[in-house]
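> This is the content of entry-v5.cif (mmCIF, C-alpha atoms and all ligand atoms):
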data_run
loop_
_atom_site.label_atom_id
_atom_site.label_comp_id
_atom_site.auth_asym_id
_atom_site.auth_seq_id
_atom_site.Cartn_x
_atom_site.Cartn_y
_atom_site.Cartn_z
CA MET A 288 84.14 217.57 -28.93
CA ARG A 289 87.17 219.88 -29.04
CA LEU A 290 87.51 222.41 -26.24
CA THR A 291 87.80 226.03 -27.33
CA ILE A 292 88.45 228.51 -24.57
CA LEU A 293 87.10 231.95 -25.48
CA ALA A 294 89.18 234.76 -24.05
CA PRO A 295 87.02 236.91 -21.74
CA ALA A 296 87.31 239.90 -24.13
CA GLN A 297 86.08 237.79 -27.05
CA ASN A 298 83.25 236.56 -24.83
CA LEU A 299 82.20 240.11 -23.94
CA GLN A 300 82.33 241.08 -27.59
CA LEU A 301 80.05 238.19 -28.50
CA LEU A 302 77.57 239.12 -25.77
CA GLN A 303 77.64 242.73 -26.96
CA ARG A 304 76.85 241.57 -30.50
CA ALA A 305 74.07 239.33 -29.16
CA LYS A 306 72.58 242.36 -27.37
CA GLU A 307 72.70 244.39 -30.59
CA PHE A 308 71.07 241.54 -32.48
CA ALA A 309 68.40 241.13 -29.77
CA GLU A 310 67.58 244.82 -30.07
CA ILE A 311 67.01 244.49 -33.82
CA ALA A 312 64.95 241.29 -33.38
CA GLY A 313 62.92 242.96 -30.60
CA GLU A 314 62.10 245.98 -32.77
CA ALA A 315 60.94 243.69 -35.57
CA ALA A 316 58.96 241.28 -33.36
CA SER A 317 55.55 242.92 -33.52
CA LEU A 318 55.53 243.13 -37.33
CA ALA A 319 56.83 239.55 -37.57
CA ASP A 320 53.92 238.38 -35.42
CA GLU A 321 51.45 240.33 -37.55
CA THR A 322 52.75 239.05 -40.90
CA GLY A 323 53.95 235.61 -39.77
CA SER A 324 57.32 236.33 -41.29
CA ILE A 325 60.57 237.66 -39.87
CA GLU A 326 62.03 240.59 -41.80
CA GLN A 327 65.15 240.00 -43.88
CA ARG A 328 67.01 242.69 -41.90
CA VAL A 329 66.84 240.42 -38.82
CA TRP A 330 68.52 237.56 -40.69
CA SER A 331 71.06 239.96 -42.16
CA ALA A 332 71.83 241.14 -38.63
CA LEU A 333 72.24 237.53 -37.46
CA ARG A 334 74.82 237.02 -40.20
CA ASP A 335 76.52 240.42 -39.72
CA THR A 336 76.90 239.92 -35.96
CA GLU A 337 78.41 236.51 -36.84
CA LEU A 338 76.06 234.83 -34.37
CA SER A 339 74.98 232.28 -36.97
CA MET A 340 78.62 231.20 -37.47
CA ALA A 341 79.45 231.35 -33.74
CA PRO A 342 78.50 227.71 -32.91
CA PHE A 343 81.17 226.33 -35.30
CA SER A 344 84.67 225.72 -33.99
CA PRO A 345 87.40 228.20 -35.06
CA ALA A 346 88.68 225.64 -37.59
CA PHE A 347 85.42 226.16 -39.51
CA GLY A 348 85.16 229.93 -39.03
CA GLY A 349 83.20 230.04 -35.77
CA ILE A 350 84.15 230.73 -32.18
CA GLY A 351 83.07 227.45 -30.59
CA LEU A 352 79.76 228.64 -29.06
CA GLY A 353 78.51 225.06 -29.42
CA GLY A 354 81.47 223.71 -27.43
CA PRO A 355 81.29 222.47 -23.85
CA ASP A 356 83.07 225.47 -22.33
CA GLN A 357 80.66 227.92 -23.97
CA GLN A 358 77.29 226.60 -22.80
CA ALA A 359 76.95 229.34 -20.14
CA THR A 360 77.48 232.03 -22.81
CA LEU A 361 75.03 230.26 -25.10
CA CYS A 362 72.53 230.27 -22.25
CA THR A 363 72.83 234.05 -21.87
CA ILE A 364 72.49 234.56 -25.62
CA LEU A 365 69.36 232.38 -25.82
CA ARG A 366 67.83 234.35 -22.94
CA LEU A 367 68.64 237.64 -24.67
CA ILE A 368 67.08 236.54 -27.97
CA GLY A 369 64.15 234.85 -26.19
CA GLY A 370 63.43 238.17 -24.48
CA ALA A 371 63.44 239.94 -27.85
CA ASP A 372 61.40 237.55 -30.00
CA LEU A 373 60.72 233.93 -29.08
CA ALA A 374 60.16 232.97 -32.73
CA VAL A 375 63.66 234.16 -33.62
CA ALA A 376 65.02 232.40 -30.53
CA ARG A 377 63.33 229.14 -31.65
CA LEU A 378 64.97 229.39 -35.06
CA PHE A 379 68.36 230.29 -33.58
CA GLU A 380 68.13 227.43 -31.07
CA GLY A 381 67.31 224.94 -33.84
CA HIS A 382 70.23 226.29 -35.87
CA VAL A 383 72.64 225.91 -32.95
CA ASN A 384 71.35 222.38 -32.33
CA ALA A 385 71.94 221.44 -35.98
CA VAL A 386 75.47 222.88 -36.02
CA MET A 387 76.29 221.10 -32.76
CA LEU A 388 75.03 217.77 -34.14
CA VAL A 389 76.93 218.11 -37.42
CA SER A 390 80.05 219.21 -35.50
CA ARG A 391 79.76 216.26 -33.12
CA TYR A 392 78.94 213.47 -35.58
CA GLY A 393 79.78 214.78 -39.07
CA THR A 394 82.97 214.57 -41.13
CA SER A 395 85.22 217.59 -41.74
CA ALA A 396 83.84 217.86 -45.28
CA GLN A 397 80.25 217.91 -44.00
CA ILE A 398 80.98 220.51 -41.31
CA GLY A 399 82.86 222.63 -43.86
CA SER A 400 80.02 222.43 -46.37
CA LEU A 401 77.46 223.52 -43.75
CA ALA A 402 79.75 226.34 -42.57
CA GLU A 403 80.07 227.61 -46.16
CA SER A 404 76.27 227.85 -46.53
CA ILE A 405 75.89 229.58 -43.17
CA LYS A 406 78.65 232.07 -43.97
CA LEU A 407 76.62 233.09 -47.01
CA GLY A 408 73.65 233.92 -44.78
CA GLY A 409 71.89 230.56 -44.52
CA LEU A 410 70.49 228.90 -41.44
CA SER A 411 70.04 225.28 -40.37
CA GLY A 412 67.57 223.55 -38.10
CA VAL A 413 66.58 220.09 -36.88
CA TRP A 414 63.37 218.66 -38.27
CA GLY A 415 62.35 215.55 -36.35
CA ALA A 416 58.56 215.71 -35.93
CA GLU A 417 56.42 213.55 -38.25
CA ASP A 418 52.77 212.83 -38.88
CA ALA A 419 51.21 209.36 -38.53
CA GLN A 420 52.55 208.28 -41.96
CA GLY A 421 56.10 209.15 -40.94
CA LEU A 422 59.10 209.62 -43.19
CA ARG A 423 60.48 206.45 -44.76
CA ARG A 424 63.50 205.79 -46.95
CA VAL A 425 63.50 203.38 -49.86
CA GLN A 426 66.79 201.92 -51.08
CA ARG A 427 67.97 202.93 -54.57
CA GLY A 428 71.36 201.24 -55.06
CA ASP A 429 73.87 203.03 -52.82
CA SER A 430 71.38 205.77 -52.04
CA TRP A 431 67.93 206.13 -50.54
CA SER A 432 64.83 207.91 -51.75
CA LEU A 433 62.83 209.65 -49.03
CA GLN A 434 59.06 209.14 -48.91
CA GLY A 435 56.82 211.28 -46.71
CA ARG A 436 57.07 214.58 -44.89
CA LYS A 437 58.17 216.41 -41.80
CA ILE A 438 55.73 218.49 -39.75
CA LEU A 439 56.21 221.39 -37.32
CA ALA A 440 59.45 222.21 -39.10
CA SER A 441 60.52 225.69 -37.98
CA GLY A 442 61.82 227.86 -40.79
CA ALA A 443 59.93 225.87 -43.43
CA GLY A 444 60.54 227.50 -46.82
CA MET A 445 63.45 229.54 -45.46
CA ILE A 446 65.95 226.99 -44.18
CA GLU A 447 67.86 225.34 -47.01
CA ARG A 448 70.28 223.16 -45.02
CA PRO A 449 68.11 221.33 -42.45
CA LEU A 450 69.10 218.23 -40.56
CA ILE A 451 66.32 215.69 -40.79
CA THR A 452 65.80 212.39 -39.03
CA THR A 453 64.47 209.16 -40.46
CA GLU A 454 63.94 205.85 -38.75
CA SER A 455 65.88 202.74 -39.69
CA LEU A 456 66.20 199.29 -38.16
CA GLU A 457 69.49 200.40 -36.57
CA GLY A 458 68.02 203.59 -35.07
CA HIS A 459 67.40 207.16 -36.25
CA VAL A 460 69.55 208.34 -39.14
CA LEU A 461 70.43 212.02 -39.61
CA TYR A 462 70.71 213.57 -43.05
CA LEU A 463 71.96 217.07 -43.80
CA LEU A 464 69.92 218.20 -46.79
CA ASN A 465 70.40 220.85 -49.41
CA LEU A 466 66.85 221.89 -50.25
CA GLU A 467 67.61 225.09 -52.16
CA THR A 468 64.31 226.78 -53.03
CA ASP A 469 62.39 223.85 -54.39
CA GLY A 470 58.87 224.62 -53.15
CA ARG A 471 58.52 221.68 -50.78
CA ALA A 472 57.36 223.79 -47.83
CA ASP A 473 53.75 224.43 -46.89
CA ILE A 474 53.02 226.68 -43.95
CA THR A 475 49.26 226.89 -44.47
CA SER A 476 48.73 224.36 -41.67
CA TRP A 477 50.74 226.50 -39.21
CA THR A 478 47.88 228.44 -37.61
CA PRO A 479 48.95 228.69 -33.94
CA LEU A 480 48.00 231.15 -31.22
CA GLY A 481 51.61 232.35 -30.97
CA MET A 482 55.05 231.72 -32.50
CA LYS A 483 53.53 232.45 -35.92
CA ALA A 484 56.77 233.87 -37.29
CA SER A 485 58.65 230.62 -36.57
CA ALA A 486 56.92 229.34 -39.74
CA SER A 487 56.78 225.79 -38.38
CA GLY A 488 55.13 224.20 -41.39
CA THR A 489 55.29 220.89 -43.25
CA ILE A 490 57.97 219.82 -45.72
CA ASN A 491 57.26 217.24 -48.37
CA LEU A 492 60.47 215.24 -48.74
CA THR A 493 59.18 212.63 -51.17
CA GLY A 494 61.75 211.99 -53.88
CA VAL A 495 64.71 213.60 -52.09
CA ILE A 496 67.73 211.34 -52.64
CA VAL A 497 70.13 210.86 -49.74
CA GLY A 498 73.28 208.81 -49.45
CA PRO A 499 76.55 208.53 -47.53
CA SER A 500 77.57 212.13 -48.27
CA GLU A 501 74.35 213.47 -46.66
CA GLN A 502 74.37 211.06 -43.72
CA ILE A 503 75.68 212.58 -40.50
CA GLY A 504 77.26 210.03 -38.17
CA ARG A 505 75.92 206.53 -37.72
CA ALA A 506 72.38 205.29 -37.18
CA GLY A 507 71.48 205.85 -33.53
CA ASP A 508 73.84 208.81 -32.97
CA TYR A 509 70.97 211.33 -32.93
CA MET A 510 69.36 209.78 -29.84
CA ARG A 511 72.65 209.31 -28.00
CA GLN A 512 72.36 210.53 -24.41
CA PRO A 513 72.80 212.84 -22.66
CA PHE A 514 73.01 215.01 -25.80
CA PHE A 515 69.55 214.18 -27.16
CA SER A 516 67.41 214.92 -24.09
CA GLY A 517 69.99 217.05 -22.26
CA GLY A 518 69.87 219.72 -24.99
CA ALA A 519 66.36 220.64 -23.85
CA TRP A 520 67.94 223.19 -21.50
CA ARG A 521 68.33 225.43 -24.57
CA PHE A 522 64.60 225.90 -25.21
CA CYS A 523 64.15 226.46 -21.45
CA ALA A 524 66.73 229.29 -21.70
CA ALA A 525 64.82 230.92 -24.57
CA GLN A 526 61.55 230.58 -22.63
CA LEU A 527 63.25 232.11 -19.58
CA GLY A 528 64.23 235.14 -21.69
CA ALA A 529 60.54 235.69 -22.46
CA MET A 530 59.61 235.28 -18.78
CA GLU A 531 62.21 237.87 -17.78
CA ARG A 532 60.96 240.26 -20.46
CA LEU A 533 57.35 239.82 -19.27
CA THR A 534 58.39 240.62 -15.70
CA ASP A 535 60.27 243.73 -16.89
CA LEU A 536 57.24 244.91 -18.86
CA TYR A 537 54.95 244.23 -15.90
CA CYS A 538 57.14 246.38 -13.61
CA ALA A 539 57.36 249.17 -16.20
CA GLN A 540 53.60 249.21 -16.71
CA LEU A 541 52.95 249.24 -12.94
CA ARG A 542 55.28 252.23 -12.57
CA ALA A 543 53.72 254.04 -15.52
CA ARG A 544 50.23 253.67 -14.00
CA GLY A 545 51.36 254.55 -10.48
CA ARG A 546 50.31 251.11 -9.25
CA ASP A 547 53.71 249.98 -8.03
CA GLY A 548 53.09 250.60 -4.29
CA ASP A 549 50.09 248.32 -3.96
CA PRO A 550 50.81 245.31 -1.68
CA TYR A 551 49.10 242.77 -3.97
CA GLN A 552 51.09 244.04 -6.95
CA LEU A 553 54.27 243.88 -4.87
CA GLU A 554 53.54 240.24 -4.06
CA ARG A 555 53.10 239.43 -7.76
CA VAL A 556 56.33 241.25 -8.67
CA ALA A 557 58.12 239.23 -5.98
CA ARG A 558 56.62 235.96 -7.28
CA CYS A 559 57.57 236.73 -10.90
CA THR A 560 61.13 237.67 -9.94
CA ALA A 561 61.52 234.54 -7.80
CA ALA A 562 60.10 232.36 -10.62
CA CYS A 563 62.60 233.83 -13.12
CA ARG A 564 65.54 233.48 -10.76
CA THR A 565 64.59 229.91 -9.79
CA THR A 566 64.41 229.01 -13.47
CA LEU A 567 67.76 230.70 -14.10
CA PHE A 568 69.44 228.59 -11.41
CA TRP A 569 67.99 225.40 -12.92
CA VAL A 570 68.72 226.29 -16.55
CA GLU A 571 72.30 227.41 -15.89
CA GLU A 572 72.96 224.24 -13.92
CA ALA A 573 71.41 222.10 -16.69
CA ALA A 574 73.68 223.86 -19.22
CA ARG A 575 76.70 223.24 -16.98
CA GLN A 576 75.81 219.54 -16.58
CA PHE A 577 75.22 219.16 -20.34
CA ALA A 578 78.80 220.32 -20.91
CA ASP A 579 80.32 218.07 -18.23
CA GLU A 580 81.11 214.81 -19.98
CA SER A 581 82.32 213.24 -16.71
CA LEU A 582 78.72 213.06 -15.43
CA LYS A 583 76.52 210.00 -15.90
CA PRO A 584 74.17 210.51 -18.89
CA ALA A 585 71.14 209.26 -16.92
CA ALA A 586 71.69 211.88 -14.21
CA VAL A 587 72.13 214.71 -16.76
CA VAL A 588 68.98 213.69 -18.63
CA ALA A 589 66.97 213.45 -15.39
CA PHE A 590 68.18 216.86 -14.26
CA THR A 591 67.25 218.39 -17.63
CA ASN A 592 63.82 216.78 -17.49
CA LEU A 593 63.26 218.37 -14.07
CA THR A 594 64.48 221.69 -15.53
CA ARG A 595 61.78 221.40 -18.18
CA MET A 596 59.17 220.82 -15.48
CA VAL A 597 60.39 223.76 -13.35
CA THR A 598 60.58 226.10 -16.36
CA GLU A 599 57.10 225.25 -17.58
CA ARG A 600 55.53 225.75 -14.14
CA ALA A 601 57.42 229.01 -13.57
CA ALA A 602 56.45 230.37 -17.00
CA LEU A 603 52.77 229.57 -16.41
CA ASP A 604 52.99 231.31 -13.01
CA VAL A 605 54.68 234.39 -14.48
CA MET A 606 52.07 234.69 -17.22
CA GLU A 607 49.24 234.37 -14.68
CA CYS A 608 50.74 237.03 -12.39
CA VAL A 609 51.51 239.44 -15.24
CA GLN A 610 48.06 239.07 -16.80
CA ARG A 611 46.24 239.43 -13.47
CA GLY A 612 48.45 242.35 -12.45
CA THR A 613 48.09 244.35 -15.67
CA GLY A 614 44.52 243.27 -16.39
CA LEU A 615 42.71 243.66 -19.68
CA SER A 616 45.39 245.89 -21.20
CA SER A 617 47.71 242.87 -21.37
CA PHE A 618 45.21 241.24 -23.74
CA MET A 619 45.15 244.28 -26.03
CA ARG A 620 47.40 244.86 -29.02
CA PRO A 621 49.90 246.47 -29.34
CA ASN A 622 50.83 245.84 -25.68
CA PRO A 623 53.87 243.53 -26.08
CA ILE A 624 52.68 241.49 -23.08
CA GLU A 625 49.82 240.26 -25.27
CA ARG A 626 52.16 238.91 -27.98
CA ILE A 627 54.79 237.52 -25.64
CA CYS A 628 52.20 235.59 -23.60
CA ARG A 629 50.82 234.06 -26.81
CA ASP A 630 54.31 233.12 -27.99
CA LEU A 631 55.37 231.73 -24.63
CA ALA A 632 52.17 229.73 -24.09
CA THR A 633 52.67 228.15 -27.53
CA TYR A 634 56.40 227.51 -27.22
CA LEU A 635 55.91 225.87 -23.80
CA ARG A 636 54.26 222.95 -25.64
CA GLN A 637 57.23 220.66 -26.02
CA PRO A 638 57.28 216.88 -26.59
CA VAL A 639 56.04 214.44 -23.96
CA PRO A 640 56.21 216.64 -20.84
CA ASP A 641 54.54 213.97 -18.67
CA LEU A 642 57.15 211.41 -19.70
CA ALA A 643 60.00 213.88 -19.07
CA MET A 644 58.71 214.51 -15.54
CA SER A 645 57.94 210.86 -14.72
CA ASP A 646 61.28 209.64 -16.16
CA ALA A 647 63.04 212.09 -13.86
CA ALA A 648 61.09 210.73 -10.89
CA ARG A 649 62.03 207.18 -11.93
CA ALA A 650 65.69 208.21 -12.06
CA VAL A 651 65.44 209.55 -8.51
CA LEU A 652 63.79 206.32 -7.31
CA ALA A 653 66.44 204.24 -9.09
CA GLY A 654 69.21 206.24 -7.38
CA GLU A 655 70.47 207.70 -10.69
CA LEU A 656 69.78 211.29 -9.64
CA SER A 657 70.45 212.36 -6.08
CA ILE A 658 67.94 214.62 -4.39
CA GLY A 659 70.57 216.88 -2.82
CA ALA A 660 73.23 218.57 -4.94
CA GLY A 661 76.65 216.97 -4.99
CA SER A 662 75.71 214.01 -2.77
C1 LIG B 1 56.96 226.94 -32.06
C2 LIG B 1 57.29 225.52 -32.26
C3 LIG B 1 58.31 225.20 -33.15
C4 LIG B 1 58.64 223.87 -33.39
N1 LIG B 1 59.64 223.57 -34.27
C5 LIG B 1 60.02 222.29 -34.46
C6 LIG B 1 61.08 221.96 -35.35
O1 LIG B 1 61.73 222.83 -35.96
N2 LIG B 1 61.41 220.66 -35.50
C7 LIG B 1 60.71 219.67 -34.88
O2 LIG B 1 61.04 218.51 -35.06
N3 LIG B 1 59.69 219.94 -34.05
C8 LIG B 1 59.33 221.23 -33.82
N4 LIG B 1 58.29 221.50 -32.98
C9 LIG B 1 57.55 220.38 -32.39
C10 LIG B 1 57.98 220.13 -30.94
O3 LIG B 1 59.29 219.66 -30.90
C11 LIG B 1 57.05 219.10 -30.33
O4 LIG B 1 57.06 217.93 -31.05
C12 LIG B 1 55.63 219.59 -30.22
O5 LIG B 1 55.60 220.93 -29.83
C13 LIG B 1 54.93 218.74 -29.18
O6 LIG B 1 53.57 218.92 -29.38
P1 LIG B 1 52.48 218.35 -28.38
O7 LIG B 1 52.24 219.30 -27.27
O8 LIG B 1 51.31 217.95 -29.20
O9 LIG B 1 53.24 217.09 -27.76
P2 LIG B 1 52.83 215.71 -27.16
O10 LIG B 1 54.10 215.00 -26.87
O11 LIG B 1 51.81 215.01 -28.01
O12 LIG B 1 52.18 216.15 -25.79
C14 LIG B 1 50.80 216.53 -25.59
C15 LIG B 1 50.32 215.93 -24.30
O13 LIG B 1 50.13 214.49 -24.47
C16 LIG B 1 50.93 213.78 -23.52
N5 LIG B 1 51.35 212.56 -24.22
C17 LIG B 1 52.32 212.41 -25.13
N6 LIG B 1 52.39 211.13 -25.55
C18 LIG B 1 51.43 210.47 -24.88
C19 LIG B 1 51.01 209.11 -24.89
N7 LIG B 1 51.59 208.19 -25.67
N8 LIG B 1 50.01 208.74 -24.06
C20 LIG B 1 49.40 209.66 -23.28
N9 LIG B 1 49.75 210.97 -23.24
C21 LIG B 1 50.75 211.35 -24.02
C22 LIG B 1 52.05 214.75 -23.16
O14 LIG B 1 52.66 214.45 -21.93
C23 LIG B 1 51.29 216.07 -23.13
O15 LIG B 1 50.57 216.19 -21.93
C24 LIG B 1 57.94 222.83 -32.72
C25 LIG B 1 56.94 223.16 -31.80
C26 LIG B 1 56.62 224.49 -31.57
C27 LIG B 1 55.54 224.82 -30.57
#
Translate the structure of the given file into structure tokens.


Amino acid sequence: MRLTILAPAQNLQLLQRAKEFAEIAGEAASLADETGSIEQRVWSALRDTELSMAPFSPAFGGIGLGGPDQQATLCTILRLIGGADLAVARLFEGHVNAVMLVSRYGTSAQIGSLAESIKLGGLSGVWGAEDAQGLRRVQRGDSWSLQGRKILASGAGMIERPLITTESLEGHVLYLLNLETDGRADITSWTPLGMKASASGTINLTGVIVGPSEQIGRAGDYMRQPFFSGGAWRFCAAQLGAMERLTDLYCAQLRARGRDGDPYQLERVARCTAACRTTLFWVEEAARQFADESLKPAAVVAFTNLTRMVTERAALDVMECVQRGTGLSSFMRPNPIERICRDLATYLRQPVPDLAMSDAARAVLAGELSIGAGS
């Protein structure tokens, strides 16, 4: 991956635009949760602030936010958006992941084609999850016909240029699709407690024809480490944004009710703040390690897996403290604590958490990850 050093002024400008975008997404969050759909003005703001183009390298009209030297800035942006609306953060994170994958493994023509669609206001995402039937490909001369569907696909019905995975004997193959508006999405099965507006529905891909021009990289590239598992720091950053927002709201509501001098409340405020800061240290370090290609992949993956474990525990602790400390009012609409806790509890459910934790422990036992930093 090419290194693109952002000048500090450019960096500050980007963060300023991310704050403006987060404000708009935050204002729209309650309605999005109610309707299950994010207002068009939020997507227009994502395009107008140029955040959707930011992950591309300058050669393709972006500013290299997906590049190794920009992972700390990306971390801050994901926290900002996560604090505004986790559903928007989920969609933005998936978009960044897709652009990073296409930029890493795709050809210039493929990156350029994706950049053109995004410039026009589109969004991408990575759709990997499948039901028991799975997604198969059947050979048709030089091309393949897809058979089956994707599930839990965020932005179903809205995203036109998703990256999808399909299994092959040589490993997972990535295809960058052009779905246009062809009615393949069904979000009726997406009936979660929270994250409703992420529209993570099913996509019927039967009959979609893919070939060399849609294929990104070679079979097996998608699962290449540390990029596959190491990228999990990004959803932890978005979740951290929500934890920080919950803690802010908790403090504000304690002050408003004159309950901020009580020793039990003080203890909970201290625990929430420590949980957020602990998570920040882990997530920022995981982002730094993800960008450091001199590190051993196994160590980066193990560290990220531990970051997942720490983030999940800390988020559960913050939600418990905030709900106990604000009481019944935090379960009442339109208190934003109610919505954010539902979103966070839902978004914390990520793939195979037990395996992530136990793989990290195995890496420690095998001497692949040292217990102390830098030793
Ligand atoms: C808001 C939201 C948006 C999403 N968007 C996307 C998207 O755009 N694209 C996409 O591809 N996916 C998406 N997903 C899916 C996500 O990536 C995960 O696949 C999904 O959330 C994991 O669900 P789960 O908790 O059932 O996972 P599981 O991995 O099934 O975990 C459930 C529990 O079972 C345990 N477990 C897992 N496997 C085994 C086993 N073999 N034996 C015993 N125990 C086991 C786990 O450790 C855990 O305790 C989204 C999910 C959410 C919540």

> For ligand LIG 1 (chain B), which residue among A:Gly488, A:Gly408, A:Gly351, A:Pro342 is the nearest when counting all atoms listed in the file?

A:Gly488

> Report, in Å to a single decimal, how far apart CA of Arg366 in chain A and CA of Met340 in chain A are.

18.4 Å

> Please report, as a tab-separated table, each residue of range 612-651 of chain A lying at most 8 Å from range 566-590 of chain A, together with the nearest pair of atoms and the separation in Å rounded to one decimal; use all atoms listed in the file, and order rows by chain and ascending residue number.


residue	atom	partner	partner_atom	distance
A:Ala643	CA	A:Ala589	CA	7.9
A:Asp646	CA	A:Ala589	CA	6.9
A:Ala647	CA	A:Ala589	CA	4.4
A:Ala648	CA	A:Ala589	CA	7.9
A:Ala650	CA	A:Ala589	CA	6.3

> Please produce, as JSON lines, a per-residue contact table for chain A versus ligand LIG 1 (chain B) (criterion: any atom at most 7 Å away, all atoms listed in the file considered), showing the nearest atom pair and its distance in Å to one decimal, sorted by chain then residue number.


{"residue": "A:Ala374", "atom": "CA", "partner": "B:LIG1", "partner_atom": "C1", "distance": 6.9}
{"residue": "A:Arg377", "atom": "CA", "partner": "B:LIG1", "partner_atom": "C3", "distance": 6.6}
{"residue": "A:Gly381", "atom": "CA", "partner": "B:LIG1", "partner_atom": "O1", "distance": 6.3}
{"residue": "A:Gly412", "atom": "CA", "partner": "B:LIG1", "partner_atom": "O1", "distance": 6.3}
{"residue": "A:Val413", "atom": "CA", "partner": "B:LIG1", "partner_atom": "N2", "distance": 5.4}
{"residue": "A:Trp414", "atom": "CA", "partner": "B:LIG1", "partner_atom": "N2", "distance": 3.9}
{"residue": "A:Gly415", "atom": "CA", "partner": "B:LIG1", "partner_atom": "O2", "distance": 3.5}
{"residue": "A:Ala416", "atom": "CA", "partner": "B:LIG1", "partner_atom": "O2", "distance": 3.8}
{"residue": "A:Leu439", "atom": "CA", "partner": "B:LIG1", "partner_atom": "C8", "distance": 4.7}
{"residue": "A:Ala440", "atom": "CA", "partner": "B:LIG1", "partner_atom": "O1", "distance": 3.9}
{"residue": "A:Ser441", "atom": "CA", "partner": "B:LIG1", "partner_atom": "O1", "distance": 3.7}
{"residue": "A:Gly442", "atom": "CA", "partner": "B:LIG1", "partner_atom": "O1", "distance": 7.0}
{"residue": "A:Met482", "atom": "CA", "partner": "B:LIG1", "partner_atom": "C1", "distance": 5.2}
{"residue": "A:Ser485", "atom": "CA", "partner": "B:LIG1", "partner_atom": "C1", "distance": 6.1}
{"residue": "A:Ser487", "atom": "CA", "partner": "B:LIG1", "partner_atom": "N1", "distance": 5.5}
{"residue": "A:Thr633", "atom": "CA", "partner": "B:LIG1", "partner_atom": "C27", "distance": 5.3}
{"residue": "A:Tyr634", "atom": "CA", "partner": "B:LIG1", "partner_atom": "C27", "distance": 4.4}
{"residue": "A:Leu635", "atom": "CA", "partner": "B:LIG1", "partner_atom": "C27", "distance": 6.9}
{"residue": "A:Arg636", "atom": "CA", "partner": "B:LIG1", "partner_atom": "O7", "distance": 4.5}
{"residue": "A:Gln637", "atom": "CA", "partner": "B:LIG1", "partner_atom": "O5", "distance": 4.2}
{"residue": "A:Pro638", "atom": "CA", "partner": "B:LIG1", "partner_atom": "O10", "distance": 3.7}
{"residue": "A:Val639", "atom": "CA", "partner": "B:LIG1", "partner_atom": "O10", "distance": 3.5}
{"residue": "A:Pro640", "atom": "CA", "partner": "B:LIG1", "partner_atom": "O14", "distance": 4.3}
{"residue": "A:Asp641", "atom": "CA", "partner": "B:LIG1", "partner_atom": "O14", "distance": 3.8}
{"residue": "A:Leu642", "atom": "CA", "partner": "B:LIG1", "partner_atom": "O14", "distance": 5.9}

> Would you kindly identify which residues have an atom no farther than 8 Å from (74.9, 214.4, -49.4), using all atoms listed in the file and the file's own coordinates, and write them out as a count of residues only?

10

> At what distance in Å, to one decimal, does CA of Lys406 in chain A lie from CA of Leu378 in chain A?

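Interatomic distance, CA of Leu378 in chain A to CA of Lys406 in chain A: 16.5 Å.
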
> Would you work out the distance separating CA of Tyr509 in chain A from CA of Trp431 in chain A, expressed in Å to one decimal?

18.6 Å

> Using 6 Å as the limit and counting all atoms listed in the file, can you tabulate each residue of range 331-375 of chain A that touches range 303-315 of chain A, with its shortest atom-to-atom distance in Å and the two atoms involved, as JSON lines?


{"residue": "A:Thr336", "atom": "CA", "partner": "A:Arg304", "partner_atom": "CA", "distance": 5.7}
{"residue": "A:Ile368", "atom": "CA", "partner": "A:Ala309", "partner_atom": "CA", "distance": 5.1}
{"residue": "A:Ala371", "atom": "CA", "partner": "A:Gly313", "partner_atom": "CA", "distance": 4.1}
{"residue": "A:Asp372", "atom": "CA", "partner": "A:Gly313", "partner_atom": "CA", "distance": 5.7}

> Could you turn the residues from that selection into a file that holds C-alpha atoms, as an mmCIF file, in the coordinates of the input?


data_model
loop_
_atom_site.group_PDB
_atom_site.id
_atom_site.type_symbol
_atom_site.label_atom_id
_atom_site.label_comp_id
_atom_site.auth_asym_id
_atom_site.auth_seq_id
_atom_site.Cartn_x
_atom_site.Cartn_y
_atom_site.Cartn_z
ATOM 1 C CA THR A 336 76.900 239.920 -35.960
ATOM 2 C CA ILE A 368 67.080 236.540 -27.970
ATOM 3 C CA ALA A 371 63.440 239.940 -27.850
ATOM 4 C CA ASP A 372 61.400 237.550 -30.000
#

> For each of A:Ala525, A:Arg611, A:Thr591, A:Arg564, take the minimum atom-to-atom distance to Pro513 in chain A, counting all atoms listed in the file, then give the residue where this is smallest.

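Ranking A:Ala525, A:Arg611, A:Thr591, A:Arg564 by distance to Pro513 in chain A, first place goes to A:Thr591.
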
> Select, from A:Arg328, A:Arg511, A:Arg436, A:Arg595, the residue with the minimum atom-to-atom distance to Gln526 in chain A, counting all atoms listed in the file.

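Distance minimum relative to Gln526 in chain A lands on A:Arg595.
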
> Using all atoms listed in the file for the distances, tell me which of A:Ala402, A:Leu631, A:Leu373, A:Ala319 is nearest to Arg334 in chain A.

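Comparing A:Ala402, A:Leu631, A:Leu373, A:Ala319 against Arg334 in chain A, the winner is A:Ala402.
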
> I need the residue nearest Leu603 in chain A from this list: A:Leu656, A:Ala519, A:Leu533, A:Ile364. Use only C-alpha atoms for the distance.

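When distances to Leu603 in chain A are compared using only C-alpha atoms, the smallest one comes from A:Leu533.
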
> Give the answer as one residue: which of A:Leu553, A:Val389, A:Met530, A:Leu301 has the shortest atom-to-atom distance to Leu450 in chain A, using all atoms listed in the file?

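Using all atoms listed in the file, Leu450 in chain A sits closest to A:Val389.
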